[in-house]
Structures are given as C-alpha cells and as structure tokens.
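Here is structure12.txt, consisting of compact mmCIF, C-alpha atoms and all ligand atoms:
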```txt
# COMPACT_ATOMS: atom_id res chain seq x y z
CA MET A 708 11.27 18.05 16.00
CA LYS A 709 10.05 19.14 12.58
CA ILE A 710 7.97 16.60 10.73
CA GLY A 711 7.27 16.88 7.02
CA ILE A 712 4.40 14.99 5.50
CA LEU A 713 5.36 14.34 1.93
CA THR A 714 2.35 13.99 -0.32
CA PHE A 715 2.17 13.38 -4.04
CA GLY A 716 -0.21 13.61 -6.93
CA ARG A 717 -2.62 16.50 -7.27
CA PRO A 718 -0.98 19.69 -6.01
CA GLN A 719 -2.54 20.97 -2.82
CA THR A 720 -3.12 24.68 -2.78
CA LYS A 721 -4.48 26.66 0.13
CA GLU A 722 -7.94 26.01 -1.26
CA THR A 723 -7.72 22.20 -1.52
CA GLU A 724 -8.26 20.01 1.50
CA PRO A 725 -5.49 17.46 2.04
CA PRO A 726 -6.61 13.83 2.17
CA TYR A 727 -7.93 12.50 5.52
CA GLU A 728 -4.71 10.63 6.36
CA THR A 729 -2.42 13.60 5.67
CA LYS A 730 -4.58 15.87 7.78
CA LYS A 731 -4.74 13.40 10.67
CA ILE A 732 -0.97 12.84 10.71
CA PHE A 733 -0.41 16.61 10.64
CA GLU A 734 -2.83 17.16 13.53
CA ALA A 735 -1.32 14.26 15.53
CA ALA A 736 2.14 15.84 15.22
CA LEU A 737 0.86 19.24 16.43
CA ALA A 738 -1.03 17.57 19.28
CA ARG A 739 2.30 16.13 20.45
CA GLY A 740 3.90 19.56 20.48
CA LEU A 741 5.92 18.93 17.31
CA GLU A 742 6.26 21.20 14.32
CA ALA A 743 4.68 19.85 11.18
CA ARG A 744 4.29 20.88 7.59
CA ILE A 745 2.64 19.27 4.60
CA PHE A 746 4.90 19.17 1.55
CA CYS A 747 3.34 18.48 -1.80
CA GLU A 748 5.77 16.90 -4.24
CA PRO A 749 4.83 18.95 -7.34
CA PHE A 750 6.11 22.09 -5.55
CA PHE A 751 9.70 20.85 -5.30
CA SER A 752 12.30 22.20 -7.71
CA PHE A 753 16.04 21.75 -7.98
CA ARG A 754 19.12 23.67 -9.07
CA GLU A 755 22.34 21.90 -10.04
CA ARG A 756 25.61 23.80 -9.87
CA ASP A 757 29.03 22.11 -10.10
CA GLY A 758 28.00 18.79 -8.64
CA LYS A 759 25.80 20.28 -5.94
CA MET A 760 22.05 20.02 -5.97
CA GLU A 761 20.02 22.68 -4.20
CA ILE A 762 16.46 21.90 -3.27
CA PHE A 763 13.64 24.45 -3.33
CA TYR A 764 10.13 24.17 -2.05
CA ASP A 765 7.53 26.50 -3.47
CA ASN A 766 10.44 28.46 -4.98
CA GLU A 767 12.02 29.07 -1.56
CA PRO A 768 15.20 27.35 -0.29
CA MET A 769 14.23 24.05 1.29
CA PRO A 770 13.39 24.60 4.98
CA ALA A 771 14.85 22.38 7.70
CA CYS A 772 12.95 19.18 8.34
CA ASP A 773 14.03 16.36 10.67
CA VAL A 774 12.00 13.61 9.12
CA PHE A 775 9.55 13.15 6.29
CA ILE A 776 6.69 10.70 6.22
CA ALA A 777 6.02 9.76 2.60
CA ARG A 778 2.31 9.41 1.81
CA THR A 779 1.68 8.89 -1.84
CA ASN A 780 -1.59 9.68 -3.49
CA PHE A 781 -2.36 8.22 -6.87
CA ILE A 782 0.47 9.01 -9.26
CA GLU A 783 0.60 7.99 -12.89
CA ASP A 784 4.37 8.06 -13.34
CA PHE A 785 6.13 6.93 -10.18
CA GLY A 786 9.53 7.17 -11.86
CA LEU A 787 9.33 10.93 -12.30
CA HIS A 788 8.06 11.68 -8.83
CA SER A 789 10.47 9.31 -7.10
CA THR A 790 13.29 11.59 -8.25
CA THR A 791 12.23 14.05 -5.55
CA VAL A 792 12.57 11.30 -2.93
CA ASP A 793 16.03 10.43 -4.30
CA MET A 794 17.05 14.12 -4.24
CA LEU A 795 15.91 14.54 -0.63
CA LEU A 796 17.64 11.31 0.47
CA SER A 797 20.81 12.35 -1.30
CA ALA A 798 20.70 15.72 0.47
CA GLY A 799 20.61 13.85 3.79
CA TYR A 800 16.92 14.16 4.64
CA LYS A 801 15.38 11.24 6.48
CA ILE A 802 12.26 9.72 4.99
CA ILE A 803 9.94 7.10 6.45
CA ASN A 804 8.57 4.85 3.71
CA SER A 805 10.88 6.34 1.10
CA ASN A 806 10.55 2.97 -0.60
CA THR A 807 6.91 3.79 -1.19
CA LEU A 808 8.13 5.35 -4.38
CA THR A 809 11.48 3.80 -5.07
CA SER A 810 11.11 0.08 -4.48
CA ALA A 811 9.15 -2.91 -5.65
CA ALA A 812 6.55 -2.07 -3.00
CA THR A 813 4.79 0.14 -5.45
CA LYS A 814 5.40 -1.84 -8.57
CA ASN A 815 2.71 -4.46 -8.84
CA LYS A 816 1.14 -7.54 -7.28
CA LEU A 817 3.53 -9.82 -9.18
CA THR A 818 6.67 -8.21 -7.75
CA ARG A 819 5.17 -8.17 -4.29
CA LYS A 820 4.36 -11.91 -4.66
CA LEU A 821 8.00 -12.53 -5.53
CA LEU A 822 9.32 -10.59 -2.53
CA LEU A 823 6.85 -12.22 -0.13
CA SER A 824 7.69 -15.63 -1.58
CA GLN A 825 11.43 -14.99 -1.19
CA ALA A 826 10.79 -14.12 2.46
CA GLY A 827 9.00 -17.47 2.88
CA LEU A 828 5.69 -15.85 3.82
CA PRO A 829 2.50 -17.91 3.48
CA MET A 830 0.23 -16.92 0.59
CA PRO A 831 -2.61 -18.54 -1.35
CA ARG A 832 -1.26 -20.71 -4.17
CA SER A 833 -1.04 -18.77 -7.40
CA SER A 834 0.12 -18.80 -11.00
CA ILE A 835 1.12 -15.91 -13.22
CA ILE A 836 0.06 -16.62 -16.77
CA ARG A 837 0.61 -14.87 -20.11
CA ASP A 838 -2.03 -16.41 -22.40
CA ILE A 839 -5.05 -18.71 -22.47
CA ALA A 840 -2.93 -21.74 -23.48
CA SER A 841 -1.94 -22.37 -19.88
CA VAL A 842 -5.35 -21.71 -18.31
CA SER A 843 -6.54 -25.34 -18.26
CA THR A 844 -3.45 -26.77 -16.57
CA GLU A 845 -3.19 -23.96 -14.04
CA THR A 846 -6.88 -23.95 -13.14
CA LEU A 847 -6.74 -27.73 -12.75
CA ALA A 848 -3.99 -27.28 -10.19
CA LEU A 849 -5.70 -24.41 -8.34
CA GLY A 850 -9.28 -25.68 -8.57
CA PHE A 851 -12.52 -23.71 -8.99
CA PRO A 852 -13.72 -21.23 -8.02
CA LEU A 853 -10.53 -19.21 -8.29
CA VAL A 854 -9.57 -15.56 -8.10
CA VAL A 855 -8.28 -13.69 -11.13
CA LYS A 856 -6.21 -10.58 -10.40
CA THR A 857 -4.73 -7.86 -12.57
CA PRO A 858 -1.15 -6.84 -11.63
CA ASN A 859 -1.96 -3.21 -10.81
CA GLY A 860 -5.42 -3.37 -9.27
CA SER A 861 -6.09 -1.86 -5.86
CA GLY A 862 -9.05 -1.27 -3.59
CA GLY A 863 -10.49 -4.55 -4.88
CA ARG A 864 -10.67 -3.31 -8.47
CA GLY A 865 -9.20 -5.86 -10.87
CA VAL A 866 -10.13 -8.81 -8.62
CA PHE A 867 -12.61 -11.27 -10.12
CA LEU A 868 -14.07 -14.54 -8.87
CA ALA A 869 -14.25 -17.14 -11.64
CA GLU A 870 -16.52 -20.13 -11.06
CA ASN A 871 -15.45 -22.22 -14.03
CA LEU A 872 -13.38 -22.42 -17.21
CA GLU A 873 -16.11 -20.66 -19.21
CA THR A 874 -15.77 -17.58 -16.97
CA VAL A 875 -12.01 -17.54 -16.62
CA LEU A 876 -11.09 -17.98 -20.30
CA PRO A 877 -12.62 -14.75 -21.68
CA ILE A 878 -11.21 -12.72 -18.74
CA VAL A 879 -7.69 -14.06 -19.34
CA ASP A 880 -8.09 -13.65 -23.10
CA TYR A 881 -9.13 -10.00 -22.70
CA LEU A 882 -6.41 -9.13 -20.18
CA THR A 883 -3.53 -10.87 -21.96
CA VAL A 884 -4.45 -10.03 -25.57
CA THR A 885 -6.29 -6.69 -25.43
CA GLN A 886 -4.69 -5.22 -22.32
CA LYS A 887 -1.38 -7.06 -22.92
CA ILE A 888 -0.81 -7.71 -19.23
CA PRO A 889 0.14 -10.85 -17.28
CA VAL A 890 -2.65 -12.30 -15.15
CA LEU A 891 -2.52 -13.67 -11.64
CA LEU A 892 -4.66 -16.73 -10.91
CA GLU A 893 -5.08 -17.46 -7.24
CA GLU A 894 -6.56 -20.25 -5.16
CA PHE A 895 -9.86 -19.03 -3.66
CA ILE A 896 -9.87 -19.20 0.15
CA LYS A 897 -13.50 -20.21 0.50
CA GLU A 898 -13.37 -20.88 4.24
CA ALA A 899 -12.63 -17.16 4.87
CA GLU A 900 -16.30 -16.57 3.93
CA GLY A 901 -15.64 -13.16 2.37
CA LYS A 902 -13.63 -11.90 5.34
CA ASP A 903 -10.05 -10.77 5.62
CA ILE A 904 -7.96 -8.79 8.09
CA ARG A 905 -6.34 -5.41 7.58
CA VAL A 906 -3.30 -4.98 9.80
CA PHE A 907 -1.66 -1.58 10.13
CA VAL A 908 2.06 -2.06 10.73
CA ALA A 909 4.63 0.53 11.83
CA GLY A 910 8.08 -1.04 12.20
CA GLU A 911 7.82 -3.95 14.64
CA LYS A 912 4.48 -2.75 15.97
CA ILE A 913 0.88 -3.40 15.04
CA LEU A 914 -0.97 -0.11 15.40
CA ALA A 915 -4.43 -1.48 14.70
CA ALA A 916 -6.22 -4.38 13.07
CA MET A 917 -9.73 -4.97 11.83
CA GLU A 918 -11.64 -7.76 10.23
CA ARG A 919 -13.33 -6.73 7.01
CA GLU A 920 -16.32 -8.49 5.59
CA ALA A 921 -17.45 -8.28 1.98
CA LYS A 922 -20.94 -7.02 1.35
CA PRO A 923 -23.40 -9.74 0.28
CA GLY A 924 -22.82 -10.80 -3.32
CA ASP A 925 -19.14 -9.80 -3.35
CA VAL A 926 -15.95 -11.64 -2.40
CA ARG A 927 -13.88 -8.47 -1.99
CA SER A 928 -13.86 -7.20 1.56
CA ASN A 929 -12.11 -3.88 0.79
CA ILE A 930 -13.77 -0.90 2.47
CA HIS A 931 -13.61 0.78 -0.96
CA ALA A 932 -15.63 -2.10 -2.37
CA GLY A 933 -18.28 -1.65 0.32
CA GLY A 934 -16.85 -4.03 2.93
CA ALA A 935 -17.50 -3.45 6.64
CA GLY A 936 -14.84 -3.42 9.37
CA ARG A 937 -14.78 -4.45 13.04
CA PRO A 938 -11.92 -4.76 15.57
CA ILE A 939 -10.19 -8.13 15.80
CA GLU A 940 -7.61 -9.79 18.04
CA LEU A 941 -4.63 -11.07 16.07
CA THR A 942 -2.74 -14.26 16.83
CA GLU A 943 1.03 -14.07 17.41
CA THR A 944 1.58 -15.72 14.00
CA GLU A 945 -0.58 -13.10 12.30
CA LYS A 946 1.32 -10.28 13.99
CA ASP A 947 4.61 -11.88 13.01
CA ILE A 948 3.78 -12.39 9.33
CA ALA A 949 2.34 -8.85 9.03
CA VAL A 950 5.59 -7.32 10.32
CA ARG A 951 7.70 -9.62 8.17
CA ALA A 952 5.61 -8.87 5.06
CA THR A 953 6.08 -5.12 5.59
CA LYS A 954 9.85 -5.58 5.76
CA ALA A 955 9.88 -7.98 2.82
CA VAL A 956 8.58 -5.30 0.46
CA GLY A 957 10.98 -2.71 1.87
CA LEU A 958 8.57 -0.62 3.90
CA GLU A 959 8.33 0.68 7.46
CA ILE A 960 4.65 1.57 7.47
CA ALA A 961 2.17 -0.60 5.59
CA GLY A 962 -1.34 -1.97 5.52
CA VAL A 963 -1.08 -5.75 5.34
CA ASP A 964 -4.08 -7.84 4.30
CA ILE A 965 -4.26 -11.30 5.84
CA ILE A 966 -6.75 -14.05 5.11
CA ARG A 967 -7.48 -16.89 7.56
CA SER A 968 -7.36 -20.20 5.70
CA ASN A 969 -7.56 -23.85 6.78
CA ARG A 970 -3.78 -23.94 6.31
CA GLY A 971 -3.23 -20.95 8.60
CA PRO A 972 -3.10 -17.20 8.02
CA MET A 973 -1.89 -16.06 4.61
CA ILE A 974 -0.76 -12.72 3.21
CA LEU A 975 -3.01 -11.34 0.48
CA GLU A 976 -1.48 -7.93 -0.08
CA VAL A 977 0.90 -5.34 1.32
CA ASN A 978 -0.30 -1.79 0.74
CA ALA A 979 2.38 0.87 0.63
CA ARG A 980 -0.11 3.73 0.95
CA PRO A 981 -2.64 2.46 3.43
CA GLY A 982 -5.65 4.58 4.16
CA PHE A 983 -6.78 4.43 7.79
CA GLU A 984 -10.06 6.29 7.96
CA GLY A 985 -12.10 3.06 7.96
CA LEU A 986 -9.66 1.46 10.39
CA GLU A 987 -9.86 4.35 12.88
CA LEU A 988 -13.63 4.29 12.57
CA ALA A 989 -13.87 0.53 13.13
CA THR A 990 -11.38 0.30 16.01
CA GLY A 991 -11.44 3.74 17.66
CA ILE A 992 -7.64 3.63 17.59
CA ASP A 993 -5.68 6.81 16.83
CA VAL A 994 -3.61 5.40 13.96
CA ALA A 995 -2.23 8.82 13.01
CA GLY A 996 -0.94 9.29 16.58
CA GLY A 997 0.64 5.83 16.40
CA ILE A 998 2.43 6.83 13.21
CA ILE A 999 3.85 9.97 14.82
CA ASP A 1000 4.97 8.01 17.90
CA TYR A 1001 6.67 5.49 15.62
CA VAL A 1002 8.41 8.26 13.67
CA THR A 1003 9.60 10.18 16.71
CA ASN A 1004 11.10 7.01 18.23
CA HIS A 1005 12.57 5.77 14.96
CA GLU A 1006 16.31 5.36 14.74
CA PHE A 1007 17.78 5.95 11.31
P1 LIG A 1101 -6.54 -5.24 -3.68
O1 LIG A 1101 -5.07 -5.01 -3.69
O2 LIG A 1101 -7.27 -4.63 -4.83
O3 LIG A 1101 -7.18 -4.95 -2.35
P2 LIG A 1101 -6.58 -8.04 -3.00
O4 LIG A 1101 -5.70 -9.04 -3.63
O5 LIG A 1101 -6.24 -7.64 -1.59
O6 LIG A 1101 -6.70 -6.80 -3.96
O7 LIG A 1101 -8.06 -8.60 -3.02
C1 LIG A 1101 -9.20 -7.81 -2.68
C2 LIG A 1101 -10.12 -8.58 -1.74
O8 LIG A 1101 -10.61 -9.76 -2.40
C3 LIG A 1101 -9.41 -9.09 -0.50
O9 LIG A 1101 -9.38 -8.10 0.50
C4 LIG A 1101 -10.25 -10.30 -0.12
O10 LIG A 1101 -11.40 -9.92 0.58
C5 LIG A 1101 -10.66 -10.86 -1.49
N1 LIG A 1101 -9.69 -11.88 -1.94
C6 LIG A 1101 -8.54 -11.62 -2.61
N2 LIG A 1101 -7.88 -12.76 -2.85
C7 LIG A 1101 -8.60 -13.77 -2.33
C8 LIG A 1101 -8.43 -15.19 -2.27
N3 LIG A 1101 -7.38 -15.77 -2.82
N4 LIG A 1101 -9.39 -15.90 -1.65
C9 LIG A 1101 -10.47 -15.31 -1.09
N5 LIG A 1101 -10.70 -13.97 -1.14
C10 LIG A 1101 -9.77 -13.21 -1.75
```
Using structure tokens, write down the structure from this file.
Amino acid sequence: MKIGILTFGRPQTKETEPPYETKKIFEAALARGLEARIFCEPFFSFRERDGKMEIFYDNEPMPACDVFIARTNFIEDFGLHSTTVDMLLSAGYKIINSNTLTSAATKNKLTRKLLLSQAGLPMPRSSIIRDIASVSTETLALGFPLVVKTPNGSGGRGVFLAENLETVLPIVDYLTVTQKIPVLLEEFIKEAEGKDIRVFVAGEKILAAMEREAKPGDVRSNIHAGGAGRPIELTETEKDIAVRATKAVGLEIAGVDIIRSNRGPMILEVNARPGFEGLELATGIDVAGGIIDYVTNHEF
C-alpha cells in the first residue's frame, strides 16, 4: 500500500524539515512495511486537455498512491489550495480528511458551532453578536465571567476571559468595529478549573486522550498557550460525543476538545489539523501509528 501524506502551506524542499506530525506519520507507515511519500501541495500542477485533467507532482506525472492523509499547515487562502484536493478526488484518489480543506470544518468557530448544534451535541451556552448594542442582554443571560472568542482564533489565541461589562464592551467594540468580525460570547465553565480534555479521534476510535491544565493566571489550557497535559480515562459519554463531533464537522481524524461541566461533558472545539506531539509526550501513545492503522483499515 502506498500512502501519501498531503501537506500544505510552506513548500518543503529537501532542506526543510517537515513538521513533527508529518514526519511521525511517514515513519509509522514505513515501520509497518508500507510505502510512503510526503506530498507538498504547492508542488502540484495540472494540465487540462479536452475535458481531461492531468495531474503532475514536481513536474512529473502524478505517481500512484492508494490513499492520502491530508495534513494542513497554516494556509492563508484555503479556497485556492482546496482545488488540489478537489482535483485529486475527481481523479479518483482517496483522501482521508479531505474535508479539512473543503468543508465547514476549516471555516470558523461559528460554522462549527452550527454543525455541532445541528448534531445535538452539548456545548457551553453561547451568543454570536455583531455590535455592542446586544452586549448587555447577552451577558445578562450568560452571566460573568464569560469567555469572548474570535471566529478564527486557534491555539488559544483570540480567547479572552471577561470579568464584567467594563472589560467585555471595549473588546466587542474593537472586534466588531475595527476588525469588522462577529464575536462569540460563551458561558464560562468555572468548575472545570482551567482544565479541558483533548481527544484524538480516528473514525469510531479514540486513539488517545489527555487532560490539559492551564498554567497559573490563564484560563486557556492549550499546550500552545503553555498548558500541561496528562493521560486521562474518558467516560463512555465523552468518547461518544468526541466521535459524533468529528463526524458532525465532516472529518475522519480530528482533535476534539471537551470540557467537564456540572451539566456534563461539553464540546469546546473540533480541530481539523490536530497536532499530537504534546499528546504523544503526555500519554506515551503512538498516535501516528494509530493514524496509519486507521487508514490501512479504512473502507472508502
Ligand atoms: P482554540 O480553538 O483557540 O483552542 P478554544 O475555544 O478551544 O479555542 O479555547 C481555548 C481554551 O480556553 C480551551 O482549551 C479551554 O481551556 C479554555 N476555554 C475555552 N472556552 C471555555 C469556556 N467556555 N469555559 C472555560 N474555559 C474555556
């Protein structure tokens, strides 16, 4: 079986090291006796002739590949790069997490809220607001402190804790007027005490899970924001909602963040491009190997 790891963003040349996750997935495939190759999206080109599209990689005809695993890096214009995914799918290539680039999974927190809500998944109460006029009514309903989120933040960036109206008003004013973006206000789950759970999902399976704890003085438990991780046992409900949340946003492989509240576990986020270096470190689990096992057993 030939596995392609489809990466995006900054072109990788022979001199540049691929990101940790790409490298680990590549090595896990080789360790299982499979063929593997890293494909970097900016090296794809196409030739259209009479209704037929030929695909080239690094200016050579596209080599055979049984399945691709899409791993996006940071990309500024998803629309342009997702064309490559569409071209490969249209040519009959199989891609795991193709929706990473083509669906609402990548869009923003607001779209993901909608999809998770449609799937009936538990989440903290929230409001999406467009200006400061609605702040008082919405904050009254949600209570203080509350969490303010920007639609496109990740890694904990764009997540603020607001203690009172005096704090929340200028943030909302700045984001809606200067940045011209909608703002997400969310009920603060105080009882979680700065902890949440990162669950790594592949299909119906949980590959690994860790509890993350924010560093003192922060409410964001993201490893990127300095949070620390340790292994954790999930309840059946937590496993179930993590798998359902992954499907709800159209993914096969995802990093789902869950927070334990007094009203039960709730979904905070579904990450379409989950890193797993911190998770492997915290749990000792070979997440990359789990991904390859999932891919090799996957039925398209
Ligand atoms: P990002 O996508 O940037 O990781 P999240 O929405 O997952 O943003 O929030 C980042 C972190 O902030 C979470 O991992 C969690 O620790 C904390 N957090 C987010 N929302 C809440 C909330 N409603 N109540 C308590 N803590 C929260």
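Proximity ranking of A:Ile803, A:Lys759, A:Phe746, A:Gly982 relative to Ile999 in chain A places A:Ile803 first, based on all atoms listed in the file.
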With 7 Å as the cut-off and only C-alpha atoms and all ligand atoms counted, what is the closest atom pair between each nearby residue of chain A and ligand LIG 1101 (chain A)? Distances in Å to one decimal, ordered by chain and number, as a tab-separated table.
```
residue	atom	partner	partner_atom	distance
A:Pro831	CA	A:LIG1101	N3	5.7
A:Val854	CA	A:LIG1101	N3	5.7
A:Lys856	CA	A:LIG1101	O4	7.0
A:Gly860	CA	A:LIG1101	O2	5.0
A:Ser861	CA	A:LIG1101	O2	3.2
A:Gly862	CA	A:LIG1101	O2	4.0
A:Gly863	CA	A:LIG1101	O2	3.2
A:Arg864	CA	A:LIG1101	O2	5.2
A:Gly865	CA	A:LIG1101	O2	6.5
A:Val866	CA	A:LIG1101	O7	6.0
A:Glu893	CA	A:LIG1101	N3	5.3
A:Glu894	CA	A:LIG1101	N3	5.1
A:Phe895	CA	A:LIG1101	N4	3.7
A:Ile896	CA	A:LIG1101	N4	3.8
A:Lys897	CA	A:LIG1101	C9	6.0
A:Ala899	CA	A:LIG1101	C9	6.6
A:Gly901	CA	A:LIG1101	O10	5.6
A:Lys902	CA	A:LIG1101	O10	5.6
A:Asp903	CA	A:LIG1101	O10	5.3
A:Ala921	CA	A:LIG1101	O10	6.4
A:Val926	CA	A:LIG1101	C5	5.4
A:Arg927	CA	A:LIG1101	O8	3.5
A:Ser928	CA	A:LIG1101	O10	3.8
A:Asn929	CA	A:LIG1101	O9	5.0
A:Asp964	CA	A:LIG1101	O5	6.3
A:Leu975	CA	A:LIG1101	O5	5.3
A:Glu976	CA	A:LIG1101	O5	5.0
```
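The spacing separating CA of Asn1004 in chain A from CA of Glu728 in chain A amounts to 20.1 Å.
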Can you pull out every residue within 12 Å of Leu737 in chain A, counting all atoms listed in the file, but drop anything in the same chain fewer than 5 positions away, and send it as number ranges by chain? A: 708-711, 730-732, 742-745, 995-996, 999
Any idea what the distance is between CA of Asp765 in chain A and CA of Ile960 in chain A? 27.4 Å
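Interatomic distance, CA of Lys887 in chain A to CA of Ile835 in chain A: 13.4 Å.
Take the candidates A:Ile930, A:Leu847, A:Val855, A:Ile998 and check each one against Ile913 in chain A using all atoms listed in the file; the shortest distance goes to A:Ile998.
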Closest contacts (range 973-994 of chain A/range 768-787 of chain A, max 9 Å, all atoms listed in the file) as JSON lines:
```
{"residue": "A:Ala979", "atom": "CA", "partner": "A:Thr779", "partner_atom": "CA", "distance": 8.4}
{"residue": "A:Arg980", "atom": "CA", "partner": "A:Thr779", "partner_atom": "CA", "distance": 6.1}
{"residue": "A:Pro981", "atom": "CA", "partner": "A:Arg778", "partner_atom": "CA", "distance": 8.7}
```
Quick one: write out the picked residues with C-alpha atoms as a compact mmCIF listing (two decimals), keeping the file's coordinate frame?
```txt
# COMPACT_ATOMS: atom_id res chain seq x y z
CA ALA A 979 2.38 0.87 0.63
CA ARG A 980 -0.11 3.73 0.95
CA PRO A 981 -2.64 2.46 3.43
```
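Nearest-residue note for Ala935 in chain A: choosing from A:Arg905, A:Lys801, A:Arg951, A:Arg819, the minimum distance belongs to A:Arg905, counting all atoms listed in the file.
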Is it possible to get the residues within 10 Å of (-3.4, -8.7, 3.1) (coordinates as in the file, counting only C-alpha atoms) written as a PyMOL selection string? chain A and resi 830+903-906+949+952+962-966+972-978
Could you work out an axis-aligned bounding box for all listed atoms of range 802-813 of chain A, with 4 Å added on each of the six sides, and give its centre and edge lengths in Å to one decimal, as AutoDock Vina command-line options?
```
--center_x 8.5 --center_y 3.4 --center_z 0.4 --size_x 15.5 --size_y 20.6 --size_z 20.1
```
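Comparing the minimum interatomic distances between Leu892 in chain A and each of A:Pro852, A:Glu873, A:Leu868, A:Ser834, counting only C-alpha atoms, we find that A:Ser834 sits nearest.
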Show me, as a PyMOL selection string, the residues that have an atom within 12 Å of Thr790 in chain A when counting all atoms listed in the file, minus same-chain residues fewer than 3 positions from it. chain A and resi 748-749+751-753+762+784-787+793-797+805-806+808-809
Proximity to Thr874 in chain A - best of A:Phe907, A:Tyr764, A:Phe851, A:Phe983, all atoms listed in the file: A:Phe851
